[in-house]
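Participant: Below you'll find the structure I mean.
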Amino acid sequence: MHRQKRFQFVLTSLVVALSVFVVFFAKATLSDGEPPTGLLFRADFDKSLDASFSCGNPKADAKEVELVEGWKGKAIVVRGEGSFCRFESAGNILAEQGTVMMWVKPLDWDMSDENFRRFFDVSAPDGSFFGLYRFCERGNLVWVVGNYKKNQYCIVEFPVSFPNEWKRGEWRHIAATWERNRFGDGYIALFINGWLVSTGFVGYVHRDIYPKSVGDYFYIGTPKQGRYEDPTKATAIDEVLIFDRALTPSEIQRIFEAQGGDVKTFFSFSEILRPPSFPSSKLGYPKQVPPPWTPLQVQKAEHLSWKVRCWGREARFGLSGLPEQITSMGANLLARPIVLKAKINGEPVQWRNQRLRLLSSSQLEVLFESQRDSPSVTLTTQVKVEFDGMMRFDIVLRPRNKKAAVRLDLLCLEVPLLQEHAYLFHANNGDFPETCSGKTPEPIWRSAFYPFVWLGDDERGLCWFAETDEGWCLAKPDDAIVIRRQGNLTLLQINFVNSSKTIREPFSITFGFHPTPVKPFPKGWRKLRMADGLFPVYPHPEPIGPGNLCVIWTGRPHSKWFGYPEAEDDAAMKQHTDRLHKEGRLALPYWNLNALSAGAPVWRQYGLLWTTMMGGDFVSGDVLAFGDPFMGVCPAAPGWSDFILGLLNEAIDRYDADGFYQDGFAARRCDNFRHGCRNRFPIFATRELFKRAYVLVKSKKPNGFIVGHMSGSLQIPILSFADGYLDGEHTRSGHYRLNGEIPPGDWLHGGLPLETMRAEYMGKQFGIIPFFLPGFYGEKRLEDTAHMMALLLLHDINPWDIHCHRETVHRIWHALDQFQVDEAEFMGYWRKDLPIQAKPPLLASLYYRKPKGLCIVLANLQAEPIKGWLSFDQQRLHMLGLQQPKKLKDALTGEDFPVKDGTAQVTVQAKSFRLLVSD
């Protein structure tokens, strides 16, 4: 919210008048519809070099510029060596956040030119810097923010020859945004011809490089001569706009089109833009509950409530339609019923005439409706429970008198969880830097909107989720989600409204709950291991290793386009899967269900309708190998899910695939106004897509497998339909929030606490098999992999054996197989009933098989070797049906450690572990 200051009456009147003019001006010049708010500056150069509108000084200080025919009206021409239009910064541009956009045309140079071409420049005495230019060496378009005195920058760039060449004499629309996120870190983005093409993050390395000021002036053109500047070449610039906030992709594209730009030209879209219909529209809808879930059971309970049971969980719904209790794995999660609190006209609402009725029930879903009212409003709650335990709530608040508005002062959801089952938490906002995982913050945690928050313990938990905060009305953005400790409970509070909002029409809120774990682990799950079948080459350059879940990476000849469920060479793909099957492996091609290569003809037909508007991958080497960008698409867009599931259905049959590997197994933010999304996470549509994919795969391959790569983003309602999840890519740069801060160093150097491993990586409390993605891209040192395996074994997690010292991983797998780990139970170091104890700071977790089988992970995460001890509690061993061993053997080195008086003396090397098995 903007802070307002008190001014004298006359000045206030002037400000109001100016605001009215800005709105009128924007409507008249930017768009025929509602314009984006926050315009600070516009220079169209039609009548003069001065700004045609500004909130600061409009006067231009120009040097060595001329006027030529522009995109509209006139444009300025700038060259190197001090050719610019300069404007005062005060009032016209903000350091904290904003958008700058302009039309640019090379007049007498092209992309083979090896000189800098500067378009926009801000430099402040404190070193703060913004720059928009074409780079001399690679020829890329560059948007950079940073600090020139510290020589530290965040840079985003885009190859101007991709997907088509920027030609001499061709106008392109360029927009660049900058803003701080909720943690104070900077986020920057670059747009070309209305399309988001590159983003960058300022924070996890040097947060203090984000600009703090804008100096006295900003420049359109080249403020001074630099290296690789050719003063003889000319660039035309027109229609420069600056806003006081980072505009959304939809807003930028709307301005681009309103100014006469054709959004179809960037990807050579066809004129076809209609909701397509595909014959696969009925694929994947379950007719009965798919294994391993069980049919829903519903029954009446006390006090006119209803109980619904699914695998491992139960929910009791009261008259409000909200859960009074949720049980998971035999334990109650709630300290008291969930409530929706409201205040109208300053008074708490006392609900009356509450009633709950069952609308329908089947083995797949149960529907309820709750109704209640007050003197001024009625409240209707539609409840849907699905077979995997997901609960959806659609709440509508209506004024009773259609002719009289009501003032809604408060609407908040309170979820009181027992603290003993809510000491871990995880939240993510769709970006690596927005990952929060670890111990539940105390005494209070406040945040702006997150699409999901999970609170739980090491075996169970509860996920709250919502697609958007559109329509919410908050006094402060950080009021959206609050977690606070209150005695023996942890209160999750979701504030929909806490700043007065006038209600004349029905006011709707949709959210959901999903208790975890969502499903049981299959028998023998620890021997399901991801294999290094990364690239479609057979035989592989390196031995595939002992893994049995073989990912066939997307690449020619086994992919027609990046991530596309169709091969360039069908015979080669089928040969590949046949050989994997002969070796006893599952073939899991890299097929993506929520992104599409711009090379596919269907993208040119429907891409405008399907895209998320949030960009894609333009620069990764494996994407560039295909020659086309890889664009995010929205499952909520008409026709997309049916189309991609039709391809998946045919591909499984054609290539005898056993499932698939999916990058980005999550709902991605969508801002495509063409199919109705407005800055939302399409969780329900994405969930429906992957549910249908799961049913389709299992109907053809009952023992098939789906791997969901989702690093840092555990969207439980969607991951419910993955067999395994792959996490860890974001640990490579320390993208973690601990009390709002990103710790220094990477996860191998103390940046990732044990509570984070427990909250995000273990999988047991989610009901989804966990896999870890290593990130040692340089030298694959044994000691680094040993440290990684110490952390993973302590938490019962399998790695994917890539980007690490693979031989070490394989030796560990062999030792675990000798112990028959697939038949063992696991107890983590955090368990209070653990029958073993290690000398701190050593940590010990236990695999066991009755009556004698013990396999102990004894880990030293410190920087120095530790000579310690390991002791046994005979009473606890007896309760587990186990016997105390007489000696222990290191399964990797063969060393023996006698057990005397219940204790073994053991030395563990720094950042390493021992795998000790009983005699």
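Residue names in the structure tokens use chain letters A, B, ... in the order shown, residue numbers from 1 in each chain, and ligand numbers from 1 in the order shown.
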Can you list, as a ChimeraX atom specification, all residues belonging to region 84-259 of chain A that DSSP tags as helix (DSSP H, G or I)?

Facilitator: /A:207-209,249-258

Participant: With C-alpha atoms kept, could you save the residues just selected as a PDB file, in the first residue's frame?

Facilitator:
```pdb
ATOM      1  CA  ARG A 207      21.653  -8.599  -1.893  1.00  0.00           C
ATOM      2  CA  ASP A 208      23.248  -5.199  -1.303  1.00  0.00           C
ATOM      3  CA  ILE A 209      23.935  -4.643  -5.017  1.00  0.00           C
ATOM      4  CA  PRO A 249       3.373  -9.912 -18.446  1.00  0.00           C
ATOM      5  CA  SER A 250      -0.259  -9.403 -19.451  1.00  0.00           C
ATOM      6  CA  GLU A 251      -0.049  -5.664 -18.828  1.00  0.00           C
ATOM      7  CA  ILE A 252       3.114  -5.361 -20.902  1.00  0.00           C
ATOM      8  CA  GLN A 253       1.641  -7.378 -23.741  1.00  0.00           C
ATOM      9  CA  ARG A 254      -1.558  -5.335 -23.696  1.00  0.00           C
ATOM     10  CA  ILE A 255       0.434  -2.079 -23.975  1.00  0.00           C
ATOM     11  CA  PHE A 256       2.497  -3.567 -26.792  1.00  0.00           C
ATOM     12  CA  GLU A 257      -0.668  -4.472 -28.699  1.00  0.00           C
ATOM     13  CA  ALA A 258      -2.380  -1.168 -27.877  1.00  0.00           C
TER      14      ALA A 258
END
```

Participant: I want to know what sits within 8 Å of Lys212 (chain A), based on only C-alpha atoms, with residues of the same chain fewer than 4 positions away left out; could you give that as a list in words?

Facilitator: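 Residues meeting the cut-off are Ala95, Glu96, Asp126 and Ser128 of chain A.
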
Participant: I need the chosen residues saved as a tab-separated table (two decimals), in the first residue's frame, with all heavy atoms.

Facilitator:
```tsv
chain	number	residue	atom	x	y	z
A	95	ALA	N	13.88	3.81	-7.61
A	95	ALA	CA	14.91	2.79	-7.46
A	95	ALA	C	14.32	1.47	-6.99
A	95	ALA	O	14.79	0.40	-7.37
A	95	ALA	CB	15.99	3.26	-6.48
A	96	GLU	N	13.29	1.52	-6.18
A	96	GLU	CA	12.76	0.32	-5.53
A	96	GLU	C	12.13	-0.64	-6.52
A	96	GLU	O	12.32	-1.85	-6.46
A	96	GLU	CB	11.73	0.73	-4.47
A	96	GLU	CG	11.25	-0.40	-3.60
A	96	GLU	CD	12.27	-0.84	-2.57
A	96	GLU	OE1	13.31	-0.17	-2.43
A	96	GLU	OE2	12.02	-1.86	-1.90
A	126	ASP	N	26.08	6.63	-5.47
A	126	ASP	CA	26.36	5.52	-4.56
A	126	ASP	C	26.71	4.24	-5.30
A	126	ASP	O	26.91	3.19	-4.68
A	126	ASP	CB	25.19	5.29	-3.61
A	126	ASP	CG	23.92	4.85	-4.33
A	126	ASP	OD1	23.93	4.74	-5.58
A	126	ASP	OD2	22.90	4.62	-3.65
A	128	SER	N	24.66	2.78	-7.61
A	128	SER	CA	23.46	2.14	-8.16
A	128	SER	C	23.41	2.33	-9.67
A	128	SER	O	23.69	3.41	-10.18
A	128	SER	CB	22.20	2.75	-7.51
A	128	SER	OG	22.17	2.50	-6.13
```

Participant: Find the distance between CA of Ile836 (chain A) and CA of Thr903 (chain A) and write it in Å to one decimal.

Facilitator: 9.5 Å

Participant: If you count only C-alpha atoms, which residues fall within 10 Å of region 570-582 of chain A, apart from same-chain ones fewer than 2 positions away, as a list in words?

Facilitator: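 Close residues of region 570-582 of chain A: Gly533, Pro536, Val537, Tyr538, Pro539, Asn548, Leu549, Cys550, Ile552, Arg556, Pro557, His558, Ser559, Lys560, Glu566, Ala567, Glu568, Gly584, Arg585, Leu586, Ala587, Leu588, Pro589, Ala651, Arg654, Tyr655, Asp656, Ala657 and Asp658 of chain A.
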
Participant: Mind writing the picked residues with N, CA, C and O atoms as an mmCIF file, in the first residue's frame?

Facilitator:
```
data_model
loop_
_atom_site.group_PDB
_atom_site.id
_atom_site.type_symbol
_atom_site.label_atom_id
_atom_site.label_comp_id
_atom_site.auth_asym_id
_atom_site.auth_seq_id
_atom_site.Cartn_x
_atom_site.Cartn_y
_atom_site.Cartn_z
ATOM 1 N N GLY A 533 20.659 -42.975 -16.996
ATOM 2 C CA GLY A 533 20.346 -43.172 -18.404
ATOM 3 C C GLY A 533 19.984 -41.828 -18.999
ATOM 4 O O GLY A 533 18.966 -41.675 -19.662
ATOM 5 N N PRO A 536 19.942 -40.031 -24.589
ATOM 6 C CA PRO A 536 19.475 -41.144 -25.424
ATOM 7 C C PRO A 536 20.580 -41.719 -26.297
ATOM 8 O O PRO A 536 20.541 -41.658 -27.525
ATOM 9 N N VAL A 537 21.589 -42.248 -25.652
ATOM 10 C CA VAL A 537 22.676 -42.917 -26.359
ATOM 11 C C VAL A 537 22.774 -44.335 -25.794
ATOM 12 O O VAL A 537 22.787 -44.506 -24.580
ATOM 13 N N TYR A 538 22.836 -45.299 -26.637
ATOM 14 C CA TYR A 538 22.908 -46.683 -26.153
ATOM 15 C C TYR A 538 23.901 -47.459 -26.999
ATOM 16 O O TYR A 538 23.782 -47.478 -28.223
ATOM 17 N N PRO A 539 24.930 -48.084 -26.416
ATOM 18 C CA PRO A 539 25.155 -48.067 -24.973
ATOM 19 C C PRO A 539 25.605 -46.694 -24.487
ATOM 20 O O PRO A 539 26.151 -45.913 -25.248
ATOM 21 N N ASN A 548 17.304 -48.696 -11.626
ATOM 22 C CA ASN A 548 16.299 -49.359 -12.462
ATOM 23 C C ASN A 548 15.232 -48.409 -12.993
ATOM 24 O O ASN A 548 14.358 -48.833 -13.739
ATOM 25 N N LEU A 549 15.249 -47.142 -12.602
ATOM 26 C CA LEU A 549 14.348 -46.140 -13.160
ATOM 27 C C LEU A 549 15.166 -45.304 -14.134
ATOM 28 O O LEU A 549 15.842 -44.360 -13.745
ATOM 29 N N CYS A 550 15.131 -45.652 -15.397
ATOM 30 C CA CYS A 550 16.040 -45.081 -16.385
ATOM 31 C C CYS A 550 15.375 -43.937 -17.130
ATOM 32 O O CYS A 550 14.435 -44.143 -17.905
ATOM 33 N N ILE A 552 15.172 -41.364 -19.935
ATOM 34 C CA ILE A 552 15.656 -41.133 -21.302
ATOM 35 C C ILE A 552 15.520 -39.642 -21.569
ATOM 36 O O ILE A 552 14.419 -39.140 -21.789
ATOM 37 N N ARG A 556 17.569 -35.584 -29.760
ATOM 38 C CA ARG A 556 17.418 -36.339 -30.996
ATOM 39 C C ARG A 556 18.302 -37.580 -30.970
ATOM 40 O O ARG A 556 19.391 -37.545 -30.416
ATOM 41 N N PRO A 557 17.859 -38.720 -31.502
ATOM 42 C CA PRO A 557 16.671 -38.910 -32.330
ATOM 43 C C PRO A 557 15.426 -39.319 -31.547
ATOM 44 O O PRO A 557 14.409 -39.665 -32.148
ATOM 45 N N HIS A 558 15.494 -39.282 -30.215
ATOM 46 C CA HIS A 558 14.397 -39.824 -29.415
ATOM 47 C C HIS A 558 13.356 -38.789 -29.033
ATOM 48 O O HIS A 558 12.401 -39.107 -28.325
ATOM 49 N N SER A 559 13.547 -37.553 -29.485
ATOM 50 C CA SER A 559 12.544 -36.508 -29.300
ATOM 51 C C SER A 559 12.462 -35.687 -30.577
ATOM 52 O O SER A 559 13.495 -35.298 -31.132
ATOM 53 N N LYS A 560 11.255 -35.431 -31.004
ATOM 54 C CA LYS A 560 11.051 -34.614 -32.197
ATOM 55 C C LYS A 560 11.314 -33.141 -31.875
ATOM 56 O O LYS A 560 11.904 -32.413 -32.674
ATOM 57 N N GLU A 566 6.880 -37.407 -28.623
ATOM 58 C CA GLU A 566 6.962 -38.026 -29.942
ATOM 59 C C GLU A 566 8.423 -38.030 -30.365
ATOM 60 O O GLU A 566 9.121 -37.024 -30.196
ATOM 61 N N ALA A 567 8.883 -39.149 -30.881
ATOM 62 C CA ALA A 567 10.290 -39.276 -31.259
ATOM 63 C C ALA A 567 10.514 -38.820 -32.691
ATOM 64 O O ALA A 567 9.619 -38.909 -33.540
ATOM 65 N N GLU A 568 11.714 -38.347 -32.948
ATOM 66 C CA GLU A 568 12.112 -38.055 -34.321
ATOM 67 C C GLU A 568 12.293 -39.360 -35.092
ATOM 68 O O GLU A 568 11.976 -39.457 -36.273
ATOM 69 N N GLY A 584 15.954 -55.316 -17.254
ATOM 70 C CA GLY A 584 15.145 -55.223 -16.039
ATOM 71 C C GLY A 584 14.922 -53.809 -15.559
ATOM 72 O O GLY A 584 14.642 -53.594 -14.367
ATOM 73 N N ARG A 585 15.022 -52.853 -16.452
ATOM 74 C CA ARG A 585 14.852 -51.454 -16.071
ATOM 75 C C ARG A 585 13.534 -50.911 -16.622
ATOM 76 O O ARG A 585 13.007 -51.420 -17.607
ATOM 77 N N LEU A 586 13.033 -49.857 -15.990
ATOM 78 C CA LEU A 586 11.878 -49.136 -16.503
ATOM 79 C C LEU A 586 12.366 -48.001 -17.393
ATOM 80 O O LEU A 586 13.329 -47.304 -17.059
ATOM 81 N N ALA A 587 11.694 -47.801 -18.505
ATOM 82 C CA ALA A 587 12.031 -46.734 -19.446
ATOM 83 C C ALA A 587 11.118 -45.541 -19.182
ATOM 84 O O ALA A 587 9.901 -45.625 -19.383
ATOM 85 N N LEU A 588 11.715 -44.432 -18.732
ATOM 86 C CA LEU A 588 10.956 -43.233 -18.377
ATOM 87 C C LEU A 588 11.443 -42.059 -19.220
ATOM 88 O O LEU A 588 12.386 -41.362 -18.854
ATOM 89 N N PRO A 589 10.828 -41.817 -20.367
ATOM 90 C CA PRO A 589 11.257 -40.694 -21.206
ATOM 91 C C PRO A 589 10.971 -39.345 -20.541
ATOM 92 O O PRO A 589 10.046 -39.214 -19.743
ATOM 93 N N ALA A 651 2.175 -42.233 -27.213
ATOM 94 C CA ALA A 651 3.608 -42.463 -27.027
ATOM 95 C C ALA A 651 3.869 -43.681 -26.138
ATOM 96 O O ALA A 651 4.806 -44.450 -26.394
ATOM 97 N N ARG A 654 3.300 -46.644 -28.438
ATOM 98 C CA ARG A 654 4.237 -46.745 -29.554
ATOM 99 C C ARG A 654 5.617 -47.170 -29.097
ATOM 100 O O ARG A 654 6.281 -47.970 -29.758
ATOM 101 N N TYR A 655 6.056 -46.639 -27.954
ATOM 102 C CA TYR A 655 7.433 -46.883 -27.522
ATOM 103 C C TYR A 655 7.524 -47.838 -26.338
ATOM 104 O O TYR A 655 8.628 -48.126 -25.867
ATOM 105 N N ASP A 656 6.373 -48.334 -25.856
ATOM 106 C CA ASP A 656 6.339 -49.246 -24.714
ATOM 107 C C ASP A 656 7.022 -48.611 -23.499
ATOM 108 O O ASP A 656 7.769 -49.256 -22.760
ATOM 109 N N ALA A 657 6.764 -47.318 -23.295
ATOM 110 C CA ALA A 657 7.324 -46.609 -22.145
ATOM 111 C C ALA A 657 6.599 -47.027 -20.878
ATOM 112 O O ALA A 657 5.434 -47.431 -20.907
ATOM 113 N N ASP A 658 7.298 -46.909 -19.741
ATOM 114 C CA ASP A 658 6.756 -47.362 -18.462
ATOM 115 C C ASP A 658 6.257 -46.212 -17.593
ATOM 116 O O ASP A 658 5.933 -46.408 -16.417
#
```

Participant: When DSSP is applied to the backbone of this structure, which of region 10-172 of chain A are assigned strand (DSSP E)? Write them out as a VMD selection string.

Facilitator: chain A and resid 39 to 43 53 to 54 61 to 63 66 to 69 74 to 78 83 to 88 98 to 106 117 to 123 128 to 134 140 to 147 152 to 159 172

Participant: Tell me which protein, DNA and RNA residues are within 9 Å of Leu608 (chain A), counting only C-alpha atoms, leaving out same-chain ones fewer than 3 positions away, and put them as a tab-separated table (two decimals) with N, CA, C and O atoms, in the first residue's frame.

Facilitator:
```tsv
chain	number	residue	atom	x	y	z
A	263	VAL	N	1.56	-9.31	-31.52
A	263	VAL	CA	2.18	-10.30	-30.65
A	263	VAL	C	2.44	-11.62	-31.38
A	263	VAL	O	3.27	-12.43	-30.96
A	264	LYS	N	1.78	-11.84	-32.49
A	264	LYS	CA	1.92	-13.11	-33.22
A	264	LYS	C	3.24	-13.20	-33.97
A	264	LYS	O	3.70	-14.28	-34.29
A	269	PHE	N	3.01	-16.88	-35.20
A	269	PHE	CA	1.74	-17.56	-34.94
A	269	PHE	C	0.83	-17.45	-36.15
A	269	PHE	O	0.82	-16.46	-36.88
A	273	LEU	N	-7.01	-18.97	-33.54
A	273	LEU	CA	-7.01	-18.77	-32.09
A	273	LEU	C	-8.42	-19.06	-31.59
A	273	LEU	O	-9.26	-18.18	-31.46
A	603	TRP	N	2.09	-25.33	-31.53
A	603	TRP	CA	2.38	-24.08	-30.80
A	603	TRP	C	1.99	-22.87	-31.65
A	603	TRP	O	1.42	-21.90	-31.13
A	604	ARG	N	2.29	-22.92	-32.92
A	604	ARG	CA	1.97	-21.78	-33.78
A	604	ARG	C	0.46	-21.62	-33.98
A	604	ARG	O	-0.03	-20.53	-34.29
A	605	GLN	N	-0.28	-22.69	-33.79
A	605	GLN	CA	-1.73	-22.61	-33.89
A	605	GLN	C	-2.37	-22.09	-32.60
A	605	GLN	O	-3.22	-21.21	-32.62
A	611	THR	N	-0.21	-20.39	-23.75
A	611	THR	CA	0.95	-19.96	-22.98
A	611	THR	C	0.57	-19.40	-21.61
A	611	THR	O	-0.51	-18.83	-21.43
A	612	THR	N	1.49	-19.55	-20.67
A	612	THR	CA	1.30	-18.94	-19.34
A	612	THR	C	1.65	-17.47	-19.33
A	612	THR	O	1.37	-16.78	-18.37
A	613	MET	N	2.29	-16.99	-20.37
A	613	MET	CA	2.79	-15.61	-20.47
A	613	MET	C	3.96	-15.37	-19.52
A	613	MET	O	4.41	-14.23	-19.36
A	672	ASN	N	-2.20	-15.27	-18.44
A	672	ASN	CA	-2.71	-15.17	-19.81
A	672	ASN	C	-4.19	-14.80	-19.78
A	672	ASN	O	-5.06	-15.63	-19.50
A	674	ARG	N	-6.05	-14.31	-22.18
A	674	ARG	CA	-6.80	-14.89	-23.29
A	674	ARG	C	-7.59	-16.13	-22.87
A	674	ARG	O	-8.58	-16.47	-23.52
```

Participant: Find the residues around region 435-441 of chain A up to 6 Å (only C-alpha atoms counted), leave out those fewer than 4 positions away in its own chain, and share them as a VMD selection string.

Facilitator: chain A and resid 423 to 428 445 712 736 to 737 755 to 756 759

Participant: The selected residues should be written to file as a short mmCIF file (atom, residue, chain, number, x, y, z; two decimals), in the first residue's frame (atoms: N, CA and C atoms).

Facilitator:
```
data_model
loop_
_atom_site.label_atom_id
_atom_site.label_comp_id
_atom_site.auth_asym_id
_atom_site.auth_seq_id
_atom_site.Cartn_x
_atom_site.Cartn_y
_atom_site.Cartn_z
N TYR A 423 5.57 -29.05 13.79
CA TYR A 423 6.85 -28.42 14.10
C TYR A 423 7.76 -28.28 12.87
N LEU A 424 7.31 -28.79 11.72
CA LEU A 424 8.02 -28.60 10.46
C LEU A 424 7.11 -27.87 9.48
N PHE A 425 7.71 -27.08 8.59
CA PHE A 425 6.87 -26.41 7.60
C PHE A 425 7.62 -26.22 6.28
N HIS A 426 6.82 -26.05 5.22
CA HIS A 426 7.36 -25.84 3.87
C HIS A 426 6.40 -24.93 3.12
N ALA A 427 6.97 -23.96 2.40
CA ALA A 427 6.17 -23.09 1.54
C ALA A 427 7.02 -22.66 0.37
N ASN A 428 6.38 -22.40 -0.76
CA ASN A 428 7.10 -21.93 -1.94
C ASN A 428 6.15 -21.15 -2.81
N TRP A 445 5.32 -15.97 12.29
CA TRP A 445 5.83 -15.84 10.92
C TRP A 445 4.74 -15.20 10.10
N GLY A 712 12.19 -27.72 -4.65
CA GLY A 712 11.80 -26.61 -3.80
C GLY A 712 10.32 -26.30 -3.77
N TYR A 736 17.60 -20.93 -0.13
CA TYR A 736 16.75 -21.30 1.00
C TYR A 736 16.53 -20.12 1.91
N ARG A 737 15.35 -20.07 2.48
CA ARG A 737 14.98 -19.03 3.43
C ARG A 737 15.02 -19.61 4.84
N GLU A 755 16.66 -29.64 9.88
CA GLU A 755 15.20 -29.49 9.87
C GLU A 755 14.68 -29.29 8.45
N THR A 756 15.50 -28.68 7.59
CA THR A 756 15.09 -28.50 6.20
C THR A 756 15.06 -29.84 5.48
N ALA A 759 11.87 -31.44 6.67
CA ALA A 759 10.63 -30.80 6.25
C ALA A 759 10.34 -30.97 4.77
#
```

Participant: I'd like the contact shell of Arg336 (chain A) - 8 Å cut-off, only C-alpha atoms, skipping same-chain residues fewer than 4 positions apart - returned as a VMD selection string.

Facilitator: chain A and resid 324 to 325 416 to 417

Participant: Within 12 Å of Gly80 (chain A), counting only C-alpha atoms, which residues qualify if same-chain residues fewer than 5 places away don't, as number ranges by chain?

Facilitator: A: 63-65, 115-119, 133, 220-235

Participant: Using only C-alpha atoms, find the one residue out of A:Ala824, A:Ala625, A:Val633, A:Ile242 that sits nearest to Trp525 (chain A).

Facilitator: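 So, comparing all the options, the nearest one is A:Ala824.
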
Participant: Go through region 823-910 of chain A and flag each residue having an atom no more than 10 Å from region 454-459 of chain A; for those, report the closest pair of atoms plus their distance in Å to one decimal, using only C-alpha atoms, ordered by chain and rising number, as JSON lines.

Facilitator:
```
{"residue": "A:Gly828", "atom": "CA", "partner": "A:Asp458", "partner_atom": "CA", "distance": 9.2}
{"residue": "A:Trp830", "atom": "CA", "partner": "A:Asp458", "partner_atom": "CA", "distance": 9.1}
{"residue": "A:Arg831", "atom": "CA", "partner": "A:Asp458", "partner_atom": "CA", "distance": 9.4}
```

Participant: Rank nothing, just name the residue among A:Val68, A:Leu726, A:Leu397, A:Cys310 nearest to Ala342 (chain A), using only C-alpha atoms.

Facilitator: A:Leu397

Participant: Restricting the calculation to only C-alpha atoms: of A:Ala62, A:Val396, A:Cys670, A:Leu773, which residue gets closest to Ile802 (chain A)?

Facilitator: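 Of the candidates, the smallest distance to Ile802 (chain A) is held by A:Leu773.
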